[in-house]
file final-v2.txt (compact mmCIF, C-alpha atoms and all ligand atoms)
# COMPACT_ATOMS: atom_id res chain seq x y z
CA MET A 1 0.00 0.00 0.00
CA ARG A 2 1.30 3.46 -0.85
CA PRO A 3 2.19 5.49 2.31
CA GLU A 4 -0.11 8.38 1.35
CA ALA A 5 -3.07 5.99 1.08
CA ARG A 6 -2.75 5.01 4.73
CA CYS A 7 -3.37 8.38 6.32
CA SER A 8 -5.95 11.11 6.00
CA VAL A 9 -3.67 14.15 6.44
CA ARG A 10 -0.94 15.17 4.02
CA ARG A 11 1.58 17.95 3.82
CA ILE A 12 0.32 20.88 1.73
CA GLY A 13 3.48 22.95 1.45
CA PRO A 14 6.90 21.91 0.22
CA ALA A 15 8.97 19.72 2.54
CA GLY A 16 10.84 21.78 5.14
CA ALA A 17 8.79 24.95 4.48
CA ALA A 18 7.73 27.00 7.51
CA ARG A 19 4.29 25.79 8.65
CA ASP A 20 1.53 28.27 8.10
CA PRO A 21 -1.63 27.26 10.01
CA GLY A 22 -3.62 29.19 7.43
CA GLU A 23 -2.75 26.57 4.85
CA ALA A 24 -4.30 23.71 6.82
CA ARG A 25 -7.34 22.14 5.28
CA VAL A 26 -9.52 19.15 6.05
CA VAL A 27 -8.67 16.23 3.80
CA ALA A 28 -11.07 13.73 5.31
CA VAL A 29 -13.32 13.36 8.33
CA ARG A 30 -13.43 9.89 9.78
CA VAL A 31 -16.31 8.80 11.98
CA PRO A 32 -14.97 6.89 14.99
CA GLU A 33 -16.19 3.41 15.79
CA PRO A 34 -19.03 3.45 18.38
CA GLY A 35 -16.84 1.59 20.84
CA ALA A 36 -14.02 4.11 20.48
CA ALA A 37 -15.89 7.43 20.16
CA ASP A 38 -15.39 9.88 23.03
CA LEU A 39 -18.30 9.14 25.36
CA SER A 40 -18.03 12.29 27.44
CA GLU A 41 -18.33 14.49 24.32
CA ALA A 42 -20.87 12.38 22.39
CA GLU A 43 -24.21 13.92 21.42
CA ARG A 44 -25.77 10.47 21.25
CA VAL A 45 -25.00 7.55 23.51
CA VAL A 46 -26.33 4.01 23.54
CA VAL A 47 -25.69 2.21 26.82
CA GLY A 48 -26.09 -1.49 27.47
CA GLY A 49 -26.74 -2.99 30.89
CA ALA A 50 -27.20 -6.27 32.68
CA GLY A 51 -30.40 -6.90 30.74
CA LEU A 52 -28.20 -7.89 27.80
CA LEU A 53 -26.08 -10.40 29.67
CA GLY A 54 -28.37 -13.41 29.43
CA GLY A 55 -27.95 -16.16 26.90
CA PRO A 56 -25.24 -18.76 26.35
CA ASP A 57 -22.67 -16.23 25.08
CA GLY A 58 -23.06 -13.98 28.13
CA GLY A 59 -24.32 -11.06 26.06
CA ALA A 60 -21.61 -10.89 23.39
CA ALA A 61 -24.08 -11.07 20.49
CA ALA A 62 -26.40 -8.54 22.11
CA PHE A 63 -23.53 -6.08 22.58
CA ALA A 64 -22.38 -6.62 18.99
CA ALA A 65 -25.93 -5.80 17.85
CA LEU A 66 -25.94 -2.77 20.18
CA SER A 67 -22.79 -1.52 18.43
CA GLU A 68 -24.36 -1.98 14.99
CA VAL A 69 -27.40 0.04 16.04
CA ALA A 70 -25.19 2.72 17.61
CA ARG A 71 -23.10 2.98 14.44
CA ALA A 72 -26.28 3.54 12.39
CA LEU A 73 -27.28 6.32 14.79
CA GLY A 74 -23.83 7.89 14.93
CA ALA A 75 -23.79 7.20 18.65
CA ALA A 76 -21.06 6.21 21.10
CA VAL A 77 -21.43 2.96 23.06
CA GLY A 78 -21.17 2.71 26.82
CA GLY A 79 -22.11 0.25 29.50
CA THR A 80 -23.26 0.12 33.08
CA ARG A 81 -20.98 -1.16 35.79
CA ALA A 82 -22.61 -4.59 35.40
CA ALA A 83 -21.77 -4.64 31.67
CA ALA A 84 -18.22 -3.47 32.29
CA GLU A 85 -17.68 -6.07 35.01
CA ALA A 86 -18.92 -8.74 32.59
CA GLY A 87 -16.26 -7.59 30.13
CA LEU A 88 -18.72 -6.47 27.48
CA VAL A 89 -17.48 -2.89 27.44
CA ALA A 90 -14.06 -1.60 28.41
CA PRO A 91 -13.90 -0.39 32.04
CA GLU A 92 -13.27 3.18 30.84
CA ARG A 93 -16.60 3.10 28.97
CA ARG A 94 -18.63 2.58 32.13
CA VAL A 95 -21.17 5.37 32.50
CA GLY A 96 -22.11 6.66 35.93
CA ALA A 97 -21.13 8.44 39.07
CA THR A 98 -17.87 6.53 39.33
CA GLY A 99 -17.36 6.16 35.59
CA VAL A 100 -17.65 8.47 32.60
CA ARG A 101 -20.06 11.36 32.94
CA VAL A 102 -21.96 11.85 29.71
CA SER A 103 -24.06 14.81 28.60
CA PRO A 104 -25.70 13.75 25.35
CA GLU A 105 -28.74 15.09 23.52
CA LEU A 106 -29.97 11.53 23.10
CA HIS A 107 -29.48 8.78 25.67
CA ILE A 108 -30.66 5.29 24.79
CA ALA A 109 -30.48 2.84 27.71
CA VAL A 110 -30.94 -0.83 26.87
CA GLY A 111 -31.40 -3.33 29.67
CA VAL A 112 -30.37 -0.69 32.21
CA SER A 113 -32.38 -0.39 35.45
CA GLY A 114 -31.40 3.23 36.07
CA ALA A 115 -29.79 2.90 39.48
CA PRO A 116 -29.00 6.24 41.17
CA ARG A 117 -25.26 5.72 40.68
CA TYR A 118 -25.84 5.19 36.97
CA LEU A 119 -28.22 8.13 36.51
CA ALA A 120 -25.83 10.41 38.39
CA GLY A 121 -23.50 10.21 35.40
CA THR A 122 -25.97 10.73 32.58
CA GLY A 123 -26.42 14.51 32.62
CA ASP A 124 -29.68 16.08 31.44
CA PRO A 125 -30.36 14.74 27.95
CA ALA A 126 -33.10 16.26 25.79
CA HIS A 127 -34.27 12.78 24.81
CA VAL A 128 -34.13 9.55 26.79
CA VAL A 129 -35.20 6.18 25.42
CA ALA A 130 -35.35 3.14 27.70
CA VAL A 131 -35.63 -0.45 26.55
CA ASP A 132 -36.41 -2.85 29.40
CA ARG A 133 -38.77 -5.67 30.19
CA ASP A 134 -39.68 -4.00 33.48
CA PRO A 135 -42.10 -1.12 32.88
CA GLY A 136 -41.57 0.05 36.47
CA SER A 137 -37.80 0.51 36.36
CA PRO A 138 -36.31 3.90 37.34
CA MET A 139 -34.85 4.13 33.82
CA MET A 140 -38.37 3.87 32.40
CA ALA A 141 -39.51 6.61 34.76
CA ALA A 142 -36.71 8.87 33.48
CA ALA A 143 -37.46 8.15 29.81
CA ASP A 144 -39.44 10.10 27.21
CA LEU A 145 -39.99 6.88 25.33
CA GLY A 146 -40.06 3.46 26.95
CA LEU A 147 -40.04 0.21 25.03
CA VAL A 148 -41.13 -2.70 27.21
CA THR A 149 -39.70 -5.70 25.47
CA ASP A 150 -36.92 -8.26 25.44
CA ALA A 151 -33.84 -6.13 24.80
CA PRO A 152 -31.53 -8.72 23.18
CA GLY A 153 -34.39 -9.70 20.86
CA LEU A 154 -35.07 -6.10 19.87
CA LEU A 155 -31.38 -5.43 19.19
CA ALA A 156 -31.06 -8.57 17.09
CA ALA A 157 -34.09 -7.54 15.01
CA LEU A 158 -32.78 -3.97 14.54
CA ALA A 159 -29.32 -5.19 13.55
CA ARG A 160 -30.90 -7.62 11.06
CA MET A 161 -32.96 -4.79 9.56
CA LEU A 162 -29.86 -2.63 9.21
CA ARG A 163 -28.00 -5.45 7.47
CA ASP A 164 -30.96 -6.03 5.15
CA GLU A 165 -31.01 -2.33 4.30
CA ALA A 166 -27.31 -2.44 3.53
CA ALA A 167 -27.77 -5.51 1.30
CA PRO A 168 -31.39 -5.32 0.09
CA GLY A 169 -33.09 -8.43 -1.18
CA THR A 170 -31.11 -11.02 0.72
CA ALA A 171 -33.72 -11.65 3.44
CA ALA A 172 -36.61 -11.87 0.96
CA ASP A 173 -34.51 -14.12 -1.28
CA ALA A 174 -33.77 -16.38 1.66
CA VAL A 175 -37.50 -16.69 2.44
CA GLY A 176 -38.25 -17.34 -1.23
CA ASP A 177 -35.62 -20.07 -1.38
CA GLY A 178 -37.46 -22.15 1.22
C1 LIG B 1 -19.90 2.85 45.17
C2 LIG B 1 -20.68 2.42 43.93
C3 LIG B 1 -20.46 3.08 42.73
C4 LIG B 1 -21.16 2.70 41.59
N1 LIG B 1 -20.91 3.36 40.40
C5 LIG B 1 -21.60 2.97 39.30
C6 LIG B 1 -21.38 3.62 38.06
O1 LIG B 1 -20.59 4.54 37.92
N2 LIG B 1 -22.08 3.18 36.98
C7 LIG B 1 -22.98 2.15 37.05
O2 LIG B 1 -23.59 1.79 36.04
N3 LIG B 1 -23.21 1.54 38.22
C8 LIG B 1 -22.53 1.91 39.34
N4 LIG B 1 -22.77 1.25 40.50
C9 LIG B 1 -23.67 0.10 40.48
C10 LIG B 1 -25.14 0.52 40.47
O3 LIG B 1 -25.57 0.76 41.76
C11 LIG B 1 -26.01 -0.56 39.79
O4 LIG B 1 -25.79 -1.80 40.43
C12 LIG B 1 -25.75 -0.72 38.29
O5 LIG B 1 -25.83 0.53 37.65
C13 LIG B 1 -26.78 -1.67 37.70
O6 LIG B 1 -26.47 -1.91 36.36
P1 LIG B 1 -27.58 -2.41 35.37
O7 LIG B 1 -28.65 -1.40 35.22
O8 LIG B 1 -26.86 -2.85 34.12
O9 LIG B 1 -28.10 -3.76 36.05
P2 LIG B 1 -29.44 -4.07 36.84
O10 LIG B 1 -29.71 -3.09 37.90
O11 LIG B 1 -29.36 -5.52 37.21
O12 LIG B 1 -30.58 -3.86 35.74
C14 LIG B 1 -30.77 -4.69 34.64
C15 LIG B 1 -32.04 -4.26 33.92
O13 LIG B 1 -32.22 -5.09 32.80
C16 LIG B 1 -33.59 -5.49 32.73
N5 LIG B 1 -33.63 -6.75 31.99
C17 LIG B 1 -33.20 -7.97 32.39
N6 LIG B 1 -33.36 -8.86 31.40
C18 LIG B 1 -33.91 -8.18 30.35
C19 LIG B 1 -34.29 -8.52 29.04
N7 LIG B 1 -34.13 -9.77 28.56
N8 LIG B 1 -34.79 -7.57 28.23
C20 LIG B 1 -34.97 -6.29 28.68
N9 LIG B 1 -34.62 -5.90 29.93
C21 LIG B 1 -34.08 -6.83 30.74
C22 LIG B 1 -34.06 -5.57 34.15
O14 LIG B 1 -35.48 -5.42 34.19
C23 LIG B 1 -33.31 -4.40 34.78
O15 LIG B 1 -34.07 -3.20 34.68
C24 LIG B 1 -22.10 1.63 41.66
C25 LIG B 1 -22.31 1.00 42.87
C26 LIG B 1 -21.62 1.38 44.00
C27 LIG B 1 -21.90 0.67 45.31
call {"tool": "encode", "arguments": {"input": "final-v2.txt", "output": "structure tokens"}}
result
Amino acid sequence: MRPEARCSVRRIGPAGAARDPGEARVVAVRVPEPGAADLSEAERVVVGGAGLLGGPDGGAAAFAALSEVARALGAAVGGTRAAAEAGLVAPERRVGATGVRVSPELHIAVGVSGAPRYLAGTGDPAHVVAVDRDPGSPMMAAADLGLVTDAPGLLAALARMLRDEAAPGTAADAVGDG
């Protein structure tokens, strides 16, 4: 691979010339991966909690689907302490009083009960969406929109829809093949 094809910034002036900040220009803007985007600065965050940890894989597939959904929304991914302790998000992506403090416009909490020590780190978002099977959870009470459903199932369906949109026809073809 050519060296200049590997990076998004290149020298504008001749080699060795004095740098003039006025000459700088944006060559490319790269969107960070949801699992790497700066949580504390993110305008949209999608956070997964212990409600995703069930199943034989301990929640790995549910968190992969969560990342796919977050990528489609341009959101950063975080986790509760339970998710971080289960190893499904990096410890530094734990949201809450003793983790990262976020202040997004949109906060989507999936399988998160909304414990006080979690909510203490979530700022004052304009929009809060909670997905939980318990309609009485504190997270539901804090939400503008609550979806009472099985969270891993919802994420799997959303991720499937996103994949079908990216490669239209494959799902219908598969049904037709049977
Ligand atoms: C000193 C101290 C500091 C702490 N700091 C933090 C912190 O910074 N951040 C933090 O997150 N926590 C922190 N905690 C822990 C905190 O008190 C909670 O225990 C934690 O936030 C709970 O995480 P959770 O919501 O993922 O899990 P839970 O409270 O167990 O909630 C899981 C939710 O998932 C739902 N659910 C289960 N299965 C499904 C399903 N199949 N579909 C849909 N919903 C489902 C349940 O109804 C429930 O609402 C701290 C605790 C202490 C003592």
call {"tool": "axis_aligned_box", "arguments": {"input": "final-v2.txt", "around": "stretch 43-48 of chain A", "padding_each_side": "8 Å", "output": "AutoDock Vina command-line options"}}
result
--center_x -25.3 --center_y 6.2 --center_z 24.4 --size_x 18.1 --size_y 31.4 --size_z 22.2
call {"tool": "residues_near_ligand", "arguments": {"input": "final-v2.txt", "ligand": "ligand LIG 1 (chain B)", "cutoff": "7 Å", "atoms": "all atoms listed in the file", "output": "PyMOL selection string"}}
result
chain A and resi 48-52+54+79-83+94-99+110-118+121+131-134+137+149-152
call {"tool": "atom_distance", "arguments": {"input": "final-v2.txt", "atom1": "atom CA of A:Ala42", "atom2": "atom CA of A:Gly59"}}
result
24.0 Å
call {"tool": "residues_around", "arguments": {"input": "final-v2.txt", "residues": "A:Leu162", "least_positions_apart": "4", "cutoff": "9 Å", "atoms": "all atoms listed in the file", "output": "PyMOL selection string"}}
result
chain A and resi 68-69+72+157-158+166-167
call {"tool": "closest_residue", "arguments": {"input": "final-v2.txt", "among": "A:Arg163, A:Gly35, A:His107, A:Pro138", "to": "A:Leu88", "atoms": "only C-alpha atoms"}}
result
A:Gly35
call {"tool": "atom_distance", "arguments": {"input": "final-v2.txt", "atom1": "atom CA of A:Arg44", "atom2": "atom CA of A:Leu119"}}
result
15.6 Å
